[in-house]
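J.: Before anything else, here's the structure in question.
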Amino acid sequence: MAQSQTPIKGSDRVPLPGARAIGAAHGEQWVEVTVKVKRKAELPDLAGRPKTRMTREELAAKYGANAQDVEKLAEQFRAMGLDVIHTDANSRIVEVGGTVSAMNAAFGVKLMQFAHAGEQYRGRVGPIHVPDSMSNLVEGVFGLDNRRVNKRKANATTTMAAAVAKAKSRPWFYPEELAKIYNFPLGDGTGQSIGLLEFDGGYFESDLKQFCADAKVPVPTVVAISVDGTPTNTLNDAAIEVMLDVEVVAGVCPKATIPVYFSSFTEKGWINALDAVIQDTVNDPSVLSISWGNSEDGAWWTQSAITQVNEAFKEAALLGITICVASGDDGSSDGVLDGHAHVDFPASSPYVLAVGGTTLRTSAGGHSEVAWKDGDGLRQDNGGSTGGGVSLAFALPAWQSSVAIASVNPAGKPGRVIPDVAADASAHTGYFMVIAGKVIHEGGTSASAPLWAGLIGRMNASLAASSKRVGYLTPVLYQAASAGGASVGALGCKDIVKGENNTAVVGGYTSSAGYDAVTGWGSPNGTALLTAVAPLL
């Protein structure tokens, strides 16, 4: 007699908008999934930055999974005809593999093939089920559905004019030039490890060497890490994103180690990549930059995936890892053309530093800066604009209550507001980079996020002598630097008071004095930020 099954909370799926079912997934197709196991205890609440950093050993001992629970699930999966590929109580995972037919039976689903936007994906509709005997231990199953979670970025080599590296008059910048404009603390990132999360594309050493020669900086140590066998050297549109991330960090922290974690663009890929970062005792990144995401309320994310990704960011906060995430490049709509305003996940997580974009221009008297909006603000029209707004998925954190901003959506509720900060992002005044031996200039919050990661790396290098690091910076920005004084964000950032990010029918948000949902606290004044933050660490 078949076991009765229980649906996993938050696992419901619907097809992507416009997707068409073209048939059942072949019964003999091989599928591998990651199962997240219940913790020994729930992660502690974080009302702000933890006073002390937790070690990985402490995190695992207190909040990992029980080894007995992991082994119990492994035995049950074997009994169901699935192969157990890997288990790890510290990261709370049981990885199993099997045919589509076996997965359908084990998890109470019917896997189908769908056609969408010129691609195909293996998908499902409805919730995932597990036997009743497992239901109190399994928190999520990821990998049955392999739809693309991340947005694809336009190919910059076809949309941007070629830059001339030796031009005397130019709108674009080398990263180190931006570091000087933004008053970064002096340094080169010596002793720091600044991680990058990538979901496609590849890293190419020859391009980095050419970039460093043109930018006149040393070549850093880059470690390409394949998560789940994902290639690290694919030359495609996404490689532009990868090399932009690497070169921006290299330009401001050329003596840092840069581990680059490559994973697949699925929910499973996100879960496994973040586990790899959290458990990486070899490279031990103190900062992680993420330039990928998608709107938090679309059909690409399940609630169970958002929950597990958000918990990984919370673990990072407990470990003292700063996570910098691009806020998106499509303004208030986040590229969702339903007329409503949306924000990007994972930028909307309260445990990350959401980084928006500005347009920085050089003038005879110095520099001017406004909120980034090119053209109509949408990438699909060869424009772009800084993502920002009010989250539907995450409540307004207590530390952000003093800057709560009303949603432009009808009957919109209070929620986490993004971005927290910003930096130069316009492709027209963007960043020098090299890809496939070609010199181009590129922008987007995909550039401003790694620039902020480089700033945090320099701040951590300055703090190293006192055994401190920036860690979970986001809530600190919203607190007073001293009793009755200005906030850390106001002291450590240049306020951007012009521009808007309206790309949704219902409207968008406007830059104004103080914190706003377009550029956050503003662009960095790095040395001032370090001065304001250091006494609070």
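To be explicit about the labels: the chains of the structure tokens are called A, B, and onward in the order shown, and within each one the residues are counted from 1, while ligands get numbers from 1 in the order they are shown.
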Select from region 237-324 of chain A every residue with an atom at most 12 Å from any atom of region 202-223 of chain A, then for each give the shortest pair of atoms and their distance in Å to one decimal, using only C-alpha atoms, rows by chain and rising number, as a tab-separated table.
T.:
```
residue	atom	partner	partner_atom	distance
A:Asp237	CA	A:Gly202	CA	9.8
A:Ala238	CA	A:Gly202	CA	7.6
A:Ala239	CA	A:Gly202	CA	5.1
A:Ile240	CA	A:Gly202	CA	8.5
A:Glu241	CA	A:Gly202	CA	9.0
A:Val242	CA	A:Gly202	CA	6.3
A:Met243	CA	A:Tyr203	CA	6.2
A:Leu244	CA	A:Leu208	CA	9.7
A:Asp245	CA	A:Tyr203	CA	10.0
A:Val246	CA	A:Leu208	CA	7.9
A:Glu247	CA	A:Leu208	CA	6.6
A:Val248	CA	A:Phe211	CA	9.9
A:Val249	CA	A:Pro220	CA	9.3
A:Ala250	CA	A:Pro220	CA	6.2
A:Gly251	CA	A:Val217	CA	6.7
A:Val252	CA	A:Val217	CA	8.5
A:Cys253	CA	A:Pro220	CA	7.8
A:Pro254	CA	A:Pro220	CA	4.8
A:Lys255	CA	A:Pro220	CA	5.3
A:Ala256	CA	A:Pro220	CA	6.0
A:Thr257	CA	A:Thr221	CA	4.9
A:Ile258	CA	A:Val222	CA	4.7
A:Pro259	CA	A:Val223	CA	4.5
A:Val260	CA	A:Val223	CA	6.0
A:Tyr261	CA	A:Val223	CA	8.4
A:Phe262	CA	A:Gly202	CA	8.2
A:Ser263	CA	A:Gly202	CA	10.8
A:Val282	CA	A:Val223	CA	10.8
A:Asn283	CA	A:Val223	CA	8.6
A:Asp284	CA	A:Val223	CA	12.0
A:Pro285	CA	A:Val223	CA	11.6
```
J.: Among region 274-324 of chain A, which ones does DSSP place in helix (DSSP H, G or I), written as a ChimeraX atom specification?
T.: /A:274-278,303-319
J.: Tell me, as an mmCIF file with N, CA and C atoms, in the first residue's frame, which residues lie within 10 Å of Trp452 (chain A), counting only C-alpha atoms; anything in the same chain fewer than 6 positions away does not count.
T.:
```
data_model
loop_
_atom_site.group_PDB
_atom_site.id
_atom_site.type_symbol
_atom_site.label_atom_id
_atom_site.label_comp_id
_atom_site.auth_asym_id
_atom_site.auth_seq_id
_atom_site.Cartn_x
_atom_site.Cartn_y
_atom_site.Cartn_z
ATOM 1 N N ALA A 179 36.879 54.662 -7.310
ATOM 2 C CA ALA A 179 37.294 54.558 -5.908
ATOM 3 C C ALA A 179 37.807 55.897 -5.387
ATOM 4 N N PHE A 184 37.244 56.135 -1.427
ATOM 5 C CA PHE A 184 37.496 54.857 -0.776
ATOM 6 C C PHE A 184 38.716 54.986 0.144
ATOM 7 N N VAL A 248 35.688 44.678 -11.943
ATOM 8 C CA VAL A 248 35.389 45.784 -11.028
ATOM 9 C C VAL A 248 36.078 45.557 -9.689
ATOM 10 N N VAL A 249 35.948 44.341 -9.140
ATOM 11 C CA VAL A 249 36.609 44.039 -7.866
ATOM 12 C C VAL A 249 38.124 44.105 -8.032
ATOM 13 N N VAL A 252 39.682 47.668 -7.896
ATOM 14 C CA VAL A 252 39.800 48.413 -6.633
ATOM 15 C C VAL A 252 40.484 47.604 -5.537
ATOM 16 N N VAL A 287 33.193 39.077 2.090
ATOM 17 C CA VAL A 287 32.248 39.854 1.291
ATOM 18 C C VAL A 287 31.821 38.990 0.115
ATOM 19 N N SER A 289 29.463 39.390 -3.574
ATOM 20 C CA SER A 289 28.692 40.247 -4.467
ATOM 21 C C SER A 289 27.843 39.389 -5.400
ATOM 22 N N ILE A 323 26.868 40.798 2.247
ATOM 23 C CA ILE A 323 26.338 40.392 0.949
ATOM 24 C C ILE A 323 25.857 41.639 0.208
ATOM 25 N N CYS A 324 26.482 41.950 -0.921
ATOM 26 C CA CYS A 324 26.082 43.087 -1.757
ATOM 27 C C CYS A 324 25.300 42.544 -2.953
ATOM 28 N N VAL A 325 24.099 43.059 -3.179
ATOM 29 C CA VAL A 325 23.242 42.535 -4.249
ATOM 30 C C VAL A 325 22.725 43.674 -5.118
ATOM 31 N N ALA A 326 22.825 43.513 -6.433
ATOM 32 C CA ALA A 326 22.297 44.491 -7.379
ATOM 33 C C ALA A 326 20.784 44.593 -7.234
ATOM 34 N N LEU A 353 22.861 43.929 1.493
ATOM 35 C CA LEU A 353 23.005 45.338 1.153
ATOM 36 C C LEU A 353 22.553 45.488 -0.288
ATOM 37 N N ALA A 354 21.372 46.070 -0.495
ATOM 38 C CA ALA A 354 20.833 46.254 -1.838
ATOM 39 C C ALA A 354 21.461 47.497 -2.457
ATOM 40 N N VAL A 355 22.059 47.334 -3.647
ATOM 41 C CA VAL A 355 22.831 48.401 -4.275
ATOM 42 C C VAL A 355 22.132 48.878 -5.541
ATOM 43 N N VAL A 421 21.851 51.615 -0.768
ATOM 44 C CA VAL A 421 22.904 52.524 -1.232
ATOM 45 C C VAL A 421 22.932 52.463 -2.750
ATOM 46 N N ALA A 422 23.842 53.225 -3.366
ATOM 47 C CA ALA A 422 23.946 53.234 -4.820
ATOM 48 C C ALA A 422 25.364 53.586 -5.231
ATOM 49 N N ALA A 423 25.624 53.516 -6.538
ATOM 50 C CA ALA A 423 26.892 53.958 -7.127
ATOM 51 C C ALA A 423 26.692 54.008 -8.637
ATOM 52 N N ARG A 458 38.033 46.939 1.117
ATOM 53 C CA ARG A 458 39.033 47.905 1.593
ATOM 54 C C ARG A 458 38.769 48.304 3.044
ATOM 55 N N SER A 523 25.382 57.527 -2.954
ATOM 56 C CA SER A 523 26.641 56.928 -3.385
ATOM 57 C C SER A 523 27.676 57.042 -2.274
ATOM 58 N N PRO A 524 28.721 56.209 -2.307
ATOM 59 C CA PRO A 524 29.598 56.124 -1.132
ATOM 60 C C PRO A 524 30.556 57.301 -0.965
ATOM 61 N N GLY A 526 33.564 56.729 1.004
ATOM 62 C CA GLY A 526 34.119 55.562 1.667
ATOM 63 C C GLY A 526 34.821 55.826 2.979
#
```
J.: Write out as a list in words the residues lying within 6 Å of region 15-28 of chain A, counting only C-alpha atoms and excluding same-chain residues fewer than 4 positions away.
T.: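 The residues satisfying every condition are Thr99, Val100, Ser101, Leu111, Met112, Gln113, Phe114, Ala115, His116 and Ala299 of chain A.
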J.: What does the file look like for those residues with N, CA and C atoms, as a short mmCIF file (atom, residue, chain, number, x, y, z; two decimals), in the first residue's frame?
T.:
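Dumped everything to result-v3.cif:
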```
data_model
loop_
_atom_site.label_atom_id
_atom_site.label_comp_id
_atom_site.auth_asym_id
_atom_site.auth_seq_id
_atom_site.Cartn_x
_atom_site.Cartn_y
_atom_site.Cartn_z
N THR A 99 15.47 8.73 -11.84
CA THR A 99 14.79 9.01 -13.09
C THR A 99 13.57 9.89 -12.85
N VAL A 100 13.07 10.47 -13.93
CA VAL A 100 11.83 11.25 -13.83
C VAL A 100 10.71 10.39 -13.25
N SER A 101 10.62 9.15 -13.69
CA SER A 101 9.57 8.27 -13.17
C SER A 101 9.70 8.08 -11.67
N LEU A 111 6.23 15.61 -13.79
CA LEU A 111 7.17 16.50 -14.45
C LEU A 111 6.87 16.55 -15.94
N MET A 112 6.82 17.79 -16.47
CA MET A 112 6.48 18.04 -17.86
C MET A 112 7.58 18.85 -18.52
N GLN A 113 7.60 18.87 -19.84
CA GLN A 113 8.47 19.76 -20.61
C GLN A 113 7.64 20.96 -21.05
N PHE A 114 8.18 22.16 -20.84
CA PHE A 114 7.51 23.39 -21.22
C PHE A 114 8.39 24.17 -22.19
N ALA A 115 7.77 24.85 -23.13
CA ALA A 115 8.47 25.77 -24.03
C ALA A 115 8.16 27.19 -23.58
N HIS A 116 9.23 28.00 -23.47
CA HIS A 116 9.05 29.38 -23.01
C HIS A 116 10.18 30.25 -23.54
N ALA A 299 6.69 33.95 -11.22
CA ALA A 299 6.51 32.50 -11.26
C ALA A 299 7.83 31.75 -11.27
#
```
J.: Name the residues in contact with Ser446 (chain A) at a cut-off of 7 Å, using only C-alpha atoms, excluding same-chain residues fewer than 2 positions from it; report them as a list in words.
T.: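 My list of contacting residues is Ser291, Ala326, Gly443, Gly444, Ser448 and Ala449 of chain A.
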